[in-house]
>>> print(open('query-v6.cif').read())   # mmCIF, C-alpha atoms and all ligand atoms
data_protein
loop_
_atom_site.label_atom_id
_atom_site.label_comp_id
_atom_site.auth_asym_id
_atom_site.auth_seq_id
_atom_site.Cartn_x
_atom_site.Cartn_y
_atom_site.Cartn_z
CA MET A 252 100.86 105.15 77.15
CA SER A 253 97.42 104.86 78.71
CA PHE A 254 96.45 102.66 81.63
CA ASP A 255 93.36 101.42 83.45
CA VAL A 256 91.76 103.23 86.36
CA LEU A 257 88.76 101.97 88.31
CA TRP A 258 86.03 104.60 88.60
CA LEU A 259 83.74 104.10 91.59
CA SER A 260 80.64 106.26 91.73
CA ARG A 261 78.53 106.74 94.83
CA ALA A 262 76.09 104.13 93.53
CA ASP A 263 78.98 101.66 93.04
CA LEU A 264 80.23 102.32 96.57
CA ASP A 265 76.76 101.96 98.06
CA SER A 266 76.30 98.65 96.29
CA LEU A 267 79.43 97.14 97.89
CA GLY A 268 77.49 96.49 101.10
CA LEU A 269 80.34 97.72 103.31
CA GLY A 270 79.12 98.26 106.86
CA MET A 271 80.30 100.36 109.78
CA PRO A 272 82.16 97.54 111.64
CA ALA A 273 84.45 96.81 108.66
CA ILE A 274 85.17 100.51 108.13
CA MET A 275 85.84 101.02 111.85
CA ASP A 276 88.38 98.17 111.73
CA ALA A 277 90.10 99.76 108.73
CA VAL A 278 90.20 103.21 110.32
CA GLU A 279 91.55 101.73 113.57
CA GLN A 280 94.30 99.93 111.66
CA GLY A 281 95.26 103.24 110.02
CA PHE A 282 95.40 104.93 113.43
CA ALA A 283 97.63 102.16 114.78
CA CYS A 284 100.03 102.47 111.81
CA LEU A 285 100.27 106.21 112.46
CA GLY A 286 100.91 105.56 116.14
CA ARG A 287 103.73 103.14 115.31
CA GLY A 288 105.31 105.66 112.96
CA GLU A 289 104.56 103.57 109.86
CA ALA A 290 102.76 106.28 107.89
CA GLU A 291 103.57 109.52 106.14
CA MET A 292 100.75 112.01 106.59
CA PRO A 293 101.28 115.78 106.46
CA ALA A 294 98.57 117.96 107.95
CA LYS A 295 95.83 118.69 105.43
CA ILE A 296 96.22 121.95 103.53
CA GLY A 297 93.44 124.03 102.05
CA ILE A 298 92.19 126.96 100.06
CA HIS A 299 89.13 129.04 100.90
CA PRO A 300 87.55 130.47 97.74
CA ARG A 301 84.36 131.57 99.54
CA HIS A 302 83.61 132.62 103.13
CA ASP A 303 83.51 129.62 105.50
CA CYS A 304 84.18 127.25 102.57
CA PHE A 305 87.22 125.01 102.16
CA ILE A 306 88.86 122.81 99.56
CA HIS A 307 91.38 120.47 101.20
CA ALA A 308 94.16 118.27 99.84
CA MET A 309 94.78 115.21 102.00
CA PRO A 310 97.62 112.85 101.06
CA CYS A 311 98.73 109.80 103.04
CA TRP A 312 100.95 106.78 102.63
CA ILE A 313 100.33 103.98 105.11
CA GLY A 314 103.49 101.90 105.04
CA GLY A 315 104.36 98.70 106.89
CA ALA A 316 102.32 95.65 105.97
CA VAL A 317 99.50 97.85 104.61
CA ASP A 318 101.48 99.78 101.98
CA ARG A 319 98.64 101.80 100.45
CA CYS A 320 98.50 105.44 99.49
CA GLY A 321 96.26 108.09 98.05
CA ILE A 322 95.10 111.65 98.14
CA LYS A 323 91.69 113.16 98.68
CA CYS A 324 90.50 116.44 97.21
CA VAL A 325 87.50 117.45 99.27
CA SER A 326 85.31 120.54 99.40
CA GLY A 327 83.20 121.69 102.33
CA TYR A 328 80.61 124.33 101.44
CA PRO A 329 78.08 125.30 104.14
CA PRO A 330 76.00 127.45 101.70
CA ASN A 331 75.31 124.34 99.62
CA GLN A 332 72.53 123.33 102.04
CA LYS A 333 70.33 126.17 100.75
CA LYS A 334 71.11 125.15 97.15
CA GLY A 335 70.06 121.55 97.76
CA LEU A 336 73.68 120.41 97.27
CA PRO A 337 75.83 118.35 99.65
CA TYR A 338 78.15 120.10 102.09
CA ILE A 339 81.00 117.64 101.43
CA THR A 340 81.96 116.66 97.86
CA GLY A 341 85.10 115.65 96.00
CA VAL A 342 87.23 112.83 94.66
CA MET A 343 89.42 110.27 96.35
CA VAL A 344 92.38 109.02 94.33
CA LEU A 345 94.00 105.72 95.28
CA ILE A 346 97.58 105.37 94.04
CA ASP A 347 99.87 102.36 93.63
CA PRO A 348 102.82 103.03 95.98
CA GLU A 349 105.11 100.92 93.77
CA THR A 350 104.61 102.77 90.48
CA GLY A 351 102.77 105.97 91.44
CA LEU A 352 100.05 105.07 88.93
CA THR A 353 96.47 105.93 89.78
CA GLN A 354 94.52 102.79 90.67
CA ALA A 355 91.09 104.22 91.37
CA VAL A 356 89.08 107.43 91.51
CA MET A 357 86.01 107.40 93.71
CA ASP A 358 83.37 109.60 95.27
CA ALA A 359 84.97 111.35 98.25
CA GLY A 360 81.57 112.24 99.70
CA TRP A 361 80.90 108.55 100.38
CA VAL A 362 84.42 107.89 101.69
CA THR A 363 84.35 110.97 103.95
CA ALA A 364 80.93 110.21 105.36
CA TRP A 365 81.68 106.64 106.36
CA ARG A 366 85.25 107.04 107.54
CA THR A 367 84.35 110.02 109.73
CA GLY A 368 81.56 108.15 111.49
CA ALA A 369 83.93 105.21 111.85
CA ALA A 370 86.61 107.40 113.46
CA SER A 371 84.12 108.60 116.07
CA GLY A 372 83.19 104.97 116.66
CA VAL A 373 86.84 104.01 117.22
CA TYR A 374 87.28 106.91 119.65
CA ALA A 375 84.11 105.86 121.48
CA LYS A 376 85.34 102.27 121.61
CA HIS A 377 88.42 103.39 123.55
CA PHE A 378 86.93 106.22 125.65
CA GLY A 379 83.19 105.56 125.89
CA ASP A 380 81.29 103.93 128.74
CA PRO A 381 79.80 100.80 127.17
CA ASN A 382 76.72 101.29 129.37
CA SER A 383 75.91 104.65 127.77
CA GLU A 384 72.19 105.00 127.17
CA VAL A 385 71.56 108.58 126.06
CA VAL A 386 73.23 109.97 122.93
CA SER A 387 72.86 113.59 121.77
CA VAL A 388 73.39 114.57 118.17
CA ILE A 389 73.72 118.26 117.28
CA GLY A 390 73.59 118.92 113.54
CA LEU A 391 71.36 116.39 111.83
CA GLY A 392 72.95 116.05 108.40
CA VAL A 393 75.22 113.40 106.91
CA GLN A 394 77.60 113.32 109.88
CA GLY A 395 74.80 113.23 112.42
CA ARG A 396 73.60 110.05 110.71
CA VAL A 397 76.91 108.19 110.33
CA ASN A 398 78.08 109.12 113.82
CA LEU A 399 74.93 107.62 115.26
CA LEU A 400 75.46 104.46 113.17
CA ALA A 401 78.97 104.18 114.65
CA PHE A 402 77.79 104.75 118.24
CA LYS A 403 75.24 102.02 117.72
CA GLU A 404 78.15 99.59 117.25
CA VAL A 405 79.85 100.69 120.47
CA PHE A 406 76.90 101.40 122.77
CA PRO A 407 74.47 98.48 122.63
CA LYS A 408 72.27 99.96 125.39
CA ILE A 409 71.26 103.21 123.63
CA LYS A 410 67.71 103.89 124.75
CA GLN A 411 67.36 107.56 123.83
CA VAL A 412 68.67 109.71 120.98
CA ARG A 413 68.32 113.44 121.60
CA CYS A 414 68.57 115.59 118.47
CA PHE A 415 68.92 119.27 117.71
CA ASP A 416 69.10 121.15 114.41
CA PRO A 417 67.67 124.65 113.89
CA VAL A 418 67.03 124.22 110.17
CA ALA A 419 63.42 123.43 109.32
CA GLY A 420 62.81 119.89 108.13
CA GLN A 421 66.18 118.48 109.23
CA PRO A 422 64.95 116.81 112.46
CA GLU A 423 62.03 115.18 110.64
CA ARG A 424 64.29 113.81 107.89
CA PHE A 425 66.77 112.56 110.50
CA LEU A 426 64.05 110.73 112.43
CA LYS A 427 62.67 109.15 109.27
CA ASP A 428 66.11 107.84 108.22
CA MET A 429 67.57 106.94 111.59
CA GLY A 430 64.53 105.77 113.58
CA PRO A 431 64.46 102.37 111.85
CA THR A 432 68.19 101.81 112.50
CA LEU A 433 67.61 101.95 116.28
CA PRO A 434 64.09 100.57 116.64
CA LYS A 435 64.31 100.19 120.44
CA ALA A 436 65.49 103.76 121.07
CA GLU A 437 63.27 106.77 121.69
CA PHE A 438 64.12 109.75 119.48
CA VAL A 439 63.56 113.14 121.09
CA VAL A 440 63.69 116.33 119.01
CA CYS A 441 64.94 119.17 121.20
CA ALA A 442 64.12 122.85 120.86
CA ASP A 443 67.63 124.00 121.67
CA ALA A 444 71.15 122.77 122.21
CA LYS A 445 71.00 122.94 126.00
CA SER A 446 67.98 120.69 126.35
CA CYS A 447 69.59 118.35 123.84
CA VAL A 448 72.75 117.73 125.87
CA VAL A 449 71.78 117.96 129.56
CA ASP A 450 71.05 114.28 130.15
CA ALA A 451 73.44 112.82 127.65
CA ASP A 452 76.17 110.23 128.20
CA VAL A 453 77.54 110.96 124.74
CA VAL A 454 77.36 114.24 122.79
CA VAL A 455 78.48 114.64 119.19
CA THR A 456 78.45 117.93 117.30
CA CYS A 457 78.21 117.90 113.49
CA THR A 458 77.42 121.50 112.57
CA PRO A 459 79.05 123.63 109.85
CA ILE A 460 82.70 124.63 110.41
CA VAL A 461 82.93 128.41 110.46
CA GLU A 462 85.77 130.86 110.88
CA LYS A 463 84.00 132.71 113.69
CA PRO A 464 82.51 129.89 115.77
CA GLU A 465 79.62 130.35 118.19
CA ARG A 466 80.85 127.53 120.48
CA PHE A 467 77.38 127.21 121.95
CA VAL A 468 77.67 123.94 123.95
CA HIS A 469 78.95 124.73 127.43
CA ARG A 470 80.56 122.56 130.12
CA ALA A 471 77.94 123.59 132.69
CA TRP A 472 75.19 122.00 130.57
CA LEU A 473 76.90 118.61 130.38
CA LYS A 474 76.80 115.76 132.85
CA GLU A 475 79.85 115.26 135.07
CA LYS A 476 80.60 112.01 133.27
CA VAL A 477 80.22 112.49 129.54
CA LEU A 478 81.89 111.72 126.21
CA ALA A 479 82.07 114.88 124.05
CA VAL A 480 82.98 114.41 120.40
CA SER A 481 83.56 117.29 118.01
CA VAL A 482 83.36 116.48 114.31
CA ASP A 483 83.10 120.19 113.48
CA TYR A 484 86.44 121.61 114.68
CA ASP A 485 85.72 124.30 117.31
CA SER A 486 82.30 125.36 115.99
CA ALA A 487 80.03 123.97 118.67
CA PHE A 488 81.82 123.03 121.91
CA ALA A 489 82.88 125.96 124.07
CA GLU A 490 86.52 126.07 125.07
CA ASP A 491 85.51 125.30 128.66
CA VAL A 492 84.53 121.78 127.53
CA MET A 493 87.82 121.01 125.81
CA ALA A 494 89.94 122.73 128.47
CA ALA A 495 88.18 121.06 131.40
CA THR A 496 89.20 117.51 130.63
CA PRO A 497 92.50 115.91 131.66
CA CYS A 498 92.17 113.61 128.67
CA PHE A 499 91.71 115.86 125.65
CA VAL A 500 92.25 113.74 122.56
CA CYS A 501 92.61 114.58 118.89
CA ASP A 502 92.76 112.23 115.94
CA ASN A 503 96.27 113.38 114.99
CA ALA A 504 98.31 115.70 117.18
CA ASN A 505 100.52 116.95 114.34
CA GLN A 506 97.53 118.02 112.25
CA TYR A 507 95.61 119.53 115.19
CA LEU A 508 98.59 121.57 116.41
CA TRP A 509 99.63 122.64 112.90
CA THR A 510 96.10 123.83 112.17
CA ARG A 511 95.91 125.61 115.51
CA ASP A 512 99.22 127.34 114.75
CA GLN A 513 97.73 128.86 111.57
CA GLY A 514 95.73 131.14 113.87
CA VAL A 515 92.16 130.60 112.64
CA TYR A 516 90.73 127.47 114.28
CA PHE A 517 91.18 126.25 117.88
CA GLN A 518 92.10 129.72 119.20
CA ASN A 519 91.04 131.31 122.52
CA GLY A 520 91.16 128.53 125.04
CA TYR A 521 91.23 125.34 122.99
CA PRO A 522 93.99 123.00 124.24
CA ASP A 523 97.56 123.65 123.16
CA LYS A 524 100.41 121.17 122.85
CA THR A 525 100.81 120.82 126.61
CA ALA A 526 97.16 119.88 127.07
CA VAL A 527 96.85 117.03 124.56
CA TYR A 528 96.51 113.77 126.51
CA ALA A 529 97.03 111.62 123.42
CA ASP A 530 96.15 111.31 119.82
CA MET A 531 94.25 108.33 118.48
CA GLY A 532 97.38 106.95 116.82
CA GLN A 533 98.98 106.57 120.24
CA ILE A 534 95.80 105.05 121.65
CA CYS A 535 95.33 102.50 118.86
CA ALA A 536 99.03 101.60 118.86
CA GLY A 537 98.70 100.81 122.57
CA LYS A 538 101.05 103.60 123.67
CA LYS A 539 98.50 105.34 125.89
CA PRO A 540 95.43 103.85 127.60
CA GLY A 541 91.85 104.95 126.96
CA VAL A 542 89.94 106.61 129.81
CA ARG A 543 86.32 105.84 130.63
CA ASP A 544 85.41 108.16 133.47
CA GLY A 545 84.64 111.85 133.96
CA LEU A 546 84.61 114.34 131.10
CA ARG A 547 86.32 112.93 128.03
CA ALA A 548 86.54 115.19 124.99
CA ALA A 549 87.91 114.86 121.49
CA VAL A 550 88.40 116.93 118.38
CA LEU A 551 88.33 114.57 115.43
CA MET A 552 89.27 116.80 112.49
CA GLY A 553 89.41 114.00 109.95
CA ILE A 554 92.72 112.64 108.71
CA ALA A 555 93.94 111.23 105.42
CA SER A 556 94.79 107.79 106.82
CA HIS A 557 91.03 107.16 107.20
CA ASP A 558 90.52 107.97 103.54
CA VAL A 559 93.29 105.69 102.31
CA MET A 560 92.18 102.81 104.53
CA THR A 561 88.50 103.15 103.62
CA ALA A 562 89.16 103.66 99.91
CA SER A 563 91.47 100.62 99.84
CA LEU A 564 88.79 98.50 101.46
CA ALA A 565 86.26 99.66 98.87
CA PHE A 566 88.68 99.22 95.97
CA ASP A 567 89.62 95.66 96.93
CA LEU A 568 85.98 94.67 97.37
CA ALA A 569 84.91 96.34 94.12
CA ARG A 570 87.62 94.48 92.21
CA ALA A 571 86.64 91.18 93.83
CA LYS A 572 82.99 91.77 92.92
CA GLY A 573 83.71 93.21 89.47
CA LEU A 574 81.98 96.50 90.34
CA GLY A 575 82.75 99.97 89.02
CA SER A 576 83.80 101.16 85.57
CA VAL A 577 87.28 100.77 84.14
CA VAL A 578 88.33 103.96 82.37
CA GLN A 579 91.52 104.74 80.50
CA LEU A 580 93.83 107.55 81.52
N1 LIG B 601 85.91 115.77 111.15
C1 LIG B 601 85.77 115.20 109.98
O1 LIG B 601 86.48 114.27 109.63
C2 LIG B 601 84.65 115.66 109.10
C3 LIG B 601 84.29 114.95 107.96
C4 LIG B 601 83.18 115.37 107.23
C5 LIG B 601 82.50 116.49 107.62
N2 LIG B 601 82.92 117.18 108.71
C6 LIG B 601 82.23 118.36 109.17
O2 LIG B 601 81.05 117.94 109.81
C7 LIG B 601 80.08 118.96 109.70
C8 LIG B 601 78.78 118.40 109.13
O3 LIG B 601 79.03 117.89 107.83
P1 LIG B 601 77.85 117.15 107.07
O4 LIG B 601 78.43 116.51 105.88
O5 LIG B 601 77.05 116.37 108.05
O6 LIG B 601 77.00 118.43 106.61
P2 LIG B 601 75.42 118.52 106.46
O7 LIG B 601 75.15 119.77 105.71
O8 LIG B 601 74.91 117.24 105.91
O9 LIG B 601 74.90 118.68 107.97
C9 LIG B 601 75.11 119.82 108.73
C10 LIG B 601 73.90 120.01 109.60
O10 LIG B 601 74.14 121.02 110.57
C11 LIG B 601 72.90 121.74 110.72
N3 LIG B 601 73.18 123.00 111.39
C12 LIG B 601 73.52 124.20 110.85
N4 LIG B 601 73.71 125.10 111.85
C13 LIG B 601 73.47 124.45 113.01
C14 LIG B 601 73.51 124.83 114.40
N5 LIG B 601 73.83 126.06 114.78
N6 LIG B 601 73.19 123.90 115.33
C15 LIG B 601 72.88 122.64 114.98
N7 LIG B 601 72.83 122.22 113.69
C16 LIG B 601 73.14 123.12 112.72
C17 LIG B 601 72.37 121.84 109.32
O11 LIG B 601 70.99 122.14 109.29
C18 LIG B 601 72.65 120.43 108.81
O12 LIG B 601 71.60 119.56 109.11
C19 LIG B 601 80.71 120.02 108.81
O13 LIG B 601 81.29 120.98 109.62
C20 LIG B 601 81.79 119.28 108.07
O14 LIG B 601 82.84 120.11 107.64
C21 LIG B 601 83.96 116.79 109.46
#
>>> encode(input="query-v6.cif", output="structure tokens", more="lines below")
Ligand SMILES: NC(=O)c1ccc[n+]([C@@H]2O[C@H](COP(=O)([O-])OP(=O)(O)OC[C@H]3O[C@@H](n4cnc5c(N)ncnc54)[C@H](O)[C@@H]3O)[C@@H](O)[C@H]2O)c1
Amino acid sequence: MSFDVLWLSRADLDSLGLGMPAIMDAVEQGFACLGRGEAEMPAKIGIHPRHDCFIHAMPCWIGGAVDRCGIKCVSGYPPNQKKGLPYITGVMVLIDPETGLTQAVMDAGWVTAWRTGAASGVYAKHFGDPNSEVVSVIGLGVQGRVNLLAFKEVFPKIKQVRCFDPVAGQPERFLKDMGPTLPKAEFVVCADAKSCVVDADVVVTCTPIVEKPERFVHRAWLKEKVLAVSVDYDSAFAEDVMAATPCFVCDNANQYLWTRDQGVYFQNGYPDKTAVYADMGQICAGKKPGVRDGLRAAVLMGIASHDVMTASLAFDLARAKGLGSVVQL
């Protein structure tokens, strides 16, 4: 017996017109379900066919009133940049929790890009100073862009965006794409990471994840009162940043601690179980308060609830608008 599956390409997903605020709301709802214990989400598992490259499997069922599930198969290949290919690629499969039948298959690059920016936005909503004016972005690729779009929603007073990326052409492309989205802000291209972060109220790092990280952003370079957001595991922030804050946050404590226990990432000084202030599930479920002063730091590894929530939003809208291609399995 064959059945219908909705295929959503990147072009289909782009044409939905979904914006950052709607995706942030969806991601926040997923966090809250996790925090209330209404979701089943094992830590992501992976294989590593090439050095510094991963292919992850990320399943999640969000129960309760949401009742949606799916699994993402996503690759992260740093060498792709030199080949003119995206770092993050893959497929997101949305599954009917009632029957187990596949409902939709869609571009995981799109889902990952938007939901990751949205997750940083939700973290910033709970931990950021709304008066923040200077935002630093380190790593000016896809994540640099979507993280800035999310911060724009949370920090209406951004007047300067400081940028650093050592790869030729990346800063220019970033300015061309992002300048028009923040027309009142000054964009400053920095020659190194230190000059990029010294004056910043908010610092986000979006560089390649590597097995032997350089951890080149140090606590001493940062302002006393700063929001530090890692989208790239432990690649960029030194352990003295993450260890110095009384409110170290991760997106999901189970996944962060499980990954740390595997002995590759988050070693040598990154916070252990005793040093996690909260995860974002607890924050969004109202079980722990956000903090808006001093050094606040987060490792947002990316969790499967974001994918299911974002893919469901896209699927529902695509069906309502009659977008995408129906294929038979
Ligand atoms: N946490 C999550 O949920 C999540 C989701 C998606 C991607 N990521 C991670 O975010 C990172 C960026 O992903 P992307 O899709 O934006 O990739 P990308 O290739 O589009 O961007 C990466 C950028 O980093 C730059 N870069 C390389 N080395 C650098 C250095 N030492 N300092 C500063 N910049 C440097 C590259 O030139 C490039 O512009 C990757 O590590 C990826 O695995 C995390």
>>> closest_atom_pairs(input="query-v6.cif", of="chain A", to="ligand LIG 601 (chain B)", cutoff="6 Å", atoms="all atoms listed in the file", output="tab-separated table")
residue	atom	partner	partner_atom	distance
A:Gly327	CA	B:LIG601	O14	5.6
A:Gln332	CA	B:LIG601	O7	5.7
A:Tyr338	CA	B:LIG601	O7	4.7
A:Ile339	CA	B:LIG601	O4	5.3
A:Thr363	CA	B:LIG601	C4	5.6
A:Ala364	CA	B:LIG601	C4	5.9
A:Thr367	CA	B:LIG601	O1	4.8
A:Ile389	CA	B:LIG601	C15	5.0
A:Gly390	CA	B:LIG601	N7	3.4
A:Leu391	CA	B:LIG601	O12	4.2
A:Gly392	CA	B:LIG601	O9	3.3
A:Val393	CA	B:LIG601	O5	3.7
A:Gln394	CA	B:LIG601	O5	3.6
A:Gly395	CA	B:LIG601	O5	5.8
A:Phe415	CA	B:LIG601	C15	5.9
A:Asp416	CA	B:LIG601	N7	3.9
A:Pro417	CA	B:LIG601	C15	5.7
A:Val418	CA	B:LIG601	O11	4.6
A:Gln421	CA	B:LIG601	O12	5.5
A:Cys457	CA	B:LIG601	C7	4.4
A:Thr458	CA	B:LIG601	O10	3.9
A:Pro459	CA	B:LIG601	O13	3.5
A:Ile460	CA	B:LIG601	O13	4.0
A:Val482	CA	B:LIG601	N1	4.1
A:Asp483	CA	B:LIG601	O13	4.3
A:Leu551	CA	B:LIG601	N1	5.1
A:Met552	CA	B:LIG601	N1	3.8
A:Gly553	CA	B:LIG601	O1	3.0
>>> write_last_selection(input="query-v6.cif", atoms="C-alpha atoms", output="mmCIF file, in the coordinates of the input")
data_model
loop_
_atom_site.group_PDB
_atom_site.id
_atom_site.type_symbol
_atom_site.label_atom_id
_atom_site.label_comp_id
_atom_site.auth_asym_id
_atom_site.auth_seq_id
_atom_site.Cartn_x
_atom_site.Cartn_y
_atom_site.Cartn_z
ATOM 1 C CA GLY A 327 83.200 121.690 102.330
ATOM 2 C CA GLN A 332 72.530 123.330 102.040
ATOM 3 C CA TYR A 338 78.150 120.100 102.090
ATOM 4 C CA ILE A 339 81.000 117.640 101.430
ATOM 5 C CA THR A 363 84.350 110.970 103.950
ATOM 6 C CA ALA A 364 80.930 110.210 105.360
ATOM 7 C CA THR A 367 84.350 110.020 109.730
ATOM 8 C CA ILE A 389 73.720 118.260 117.280
ATOM 9 C CA GLY A 390 73.590 118.920 113.540
ATOM 10 C CA LEU A 391 71.360 116.390 111.830
ATOM 11 C CA GLY A 392 72.950 116.050 108.400
ATOM 12 C CA VAL A 393 75.220 113.400 106.910
ATOM 13 C CA GLN A 394 77.600 113.320 109.880
ATOM 14 C CA GLY A 395 74.800 113.230 112.420
ATOM 15 C CA PHE A 415 68.920 119.270 117.710
ATOM 16 C CA ASP A 416 69.100 121.150 114.410
ATOM 17 C CA PRO A 417 67.670 124.650 113.890
ATOM 18 C CA VAL A 418 67.030 124.220 110.170
ATOM 19 C CA GLN A 421 66.180 118.480 109.230
ATOM 20 C CA CYS A 457 78.210 117.900 113.490
ATOM 21 C CA THR A 458 77.420 121.500 112.570
ATOM 22 C CA PRO A 459 79.050 123.630 109.850
ATOM 23 C CA ILE A 460 82.700 124.630 110.410
ATOM 24 C CA VAL A 482 83.360 116.480 114.310
ATOM 25 C CA ASP A 483 83.100 120.190 113.480
ATOM 26 C CA LEU A 551 88.330 114.570 115.430
ATOM 27 C CA MET A 552 89.270 116.800 112.490
ATOM 28 C CA GLY A 553 89.410 114.000 109.950
#
>>> closest_residue(input="query-v6.cif", among="A:Asp523, A:Ala487, A:Ala419, A:Glu462", to="A:Lys333", atoms="all atoms listed in the file")
A:Ala419
>>> closest_residue(input="query-v6.cif", among="A:Leu426, A:Val388, A:Ala494, A:Ala436", to="A:Lys408", atoms="all atoms listed in the file")
A:Ala436
>>> closest_residue(input="query-v6.cif", among="A:Glu349, A:Val356, A:Ala375, A:Phe282", to="A:Leu580", atoms="all atoms listed in the file")
A:Val356
>>> closest_residue(input="query-v6.cif", among="A:Arg366, A:Ala359, A:Ala444, A:Gln354", to="A:Lys323", atoms="all atoms listed in the file")
A:Ala359
>>> closest_residue(input="query-v6.cif", among="A:Gly321, A:Pro434, A:Gly372, A:Gly351", to="A:Met275", atoms="all atoms listed in the file")
A:Gly372
>>> atom_distance(input="query-v6.cif", atom1="atom CA of A:Gly341", atom2="atom CA of A:Val559")
14.4 Å
>>> residues_around(input="query-v6.cif", residues="A:Leu508", least_positions_apart="5", cutoff="12 Å", atoms="all atoms listed in the file", output="JSON, numbers by chain")
{"A": [293, 294, 295, 500, 501, 502, 503, 513, 514, 515, 516, 517, 518, 521, 522, 523, 524, 525, 526, 527, 530, 550, 552]}
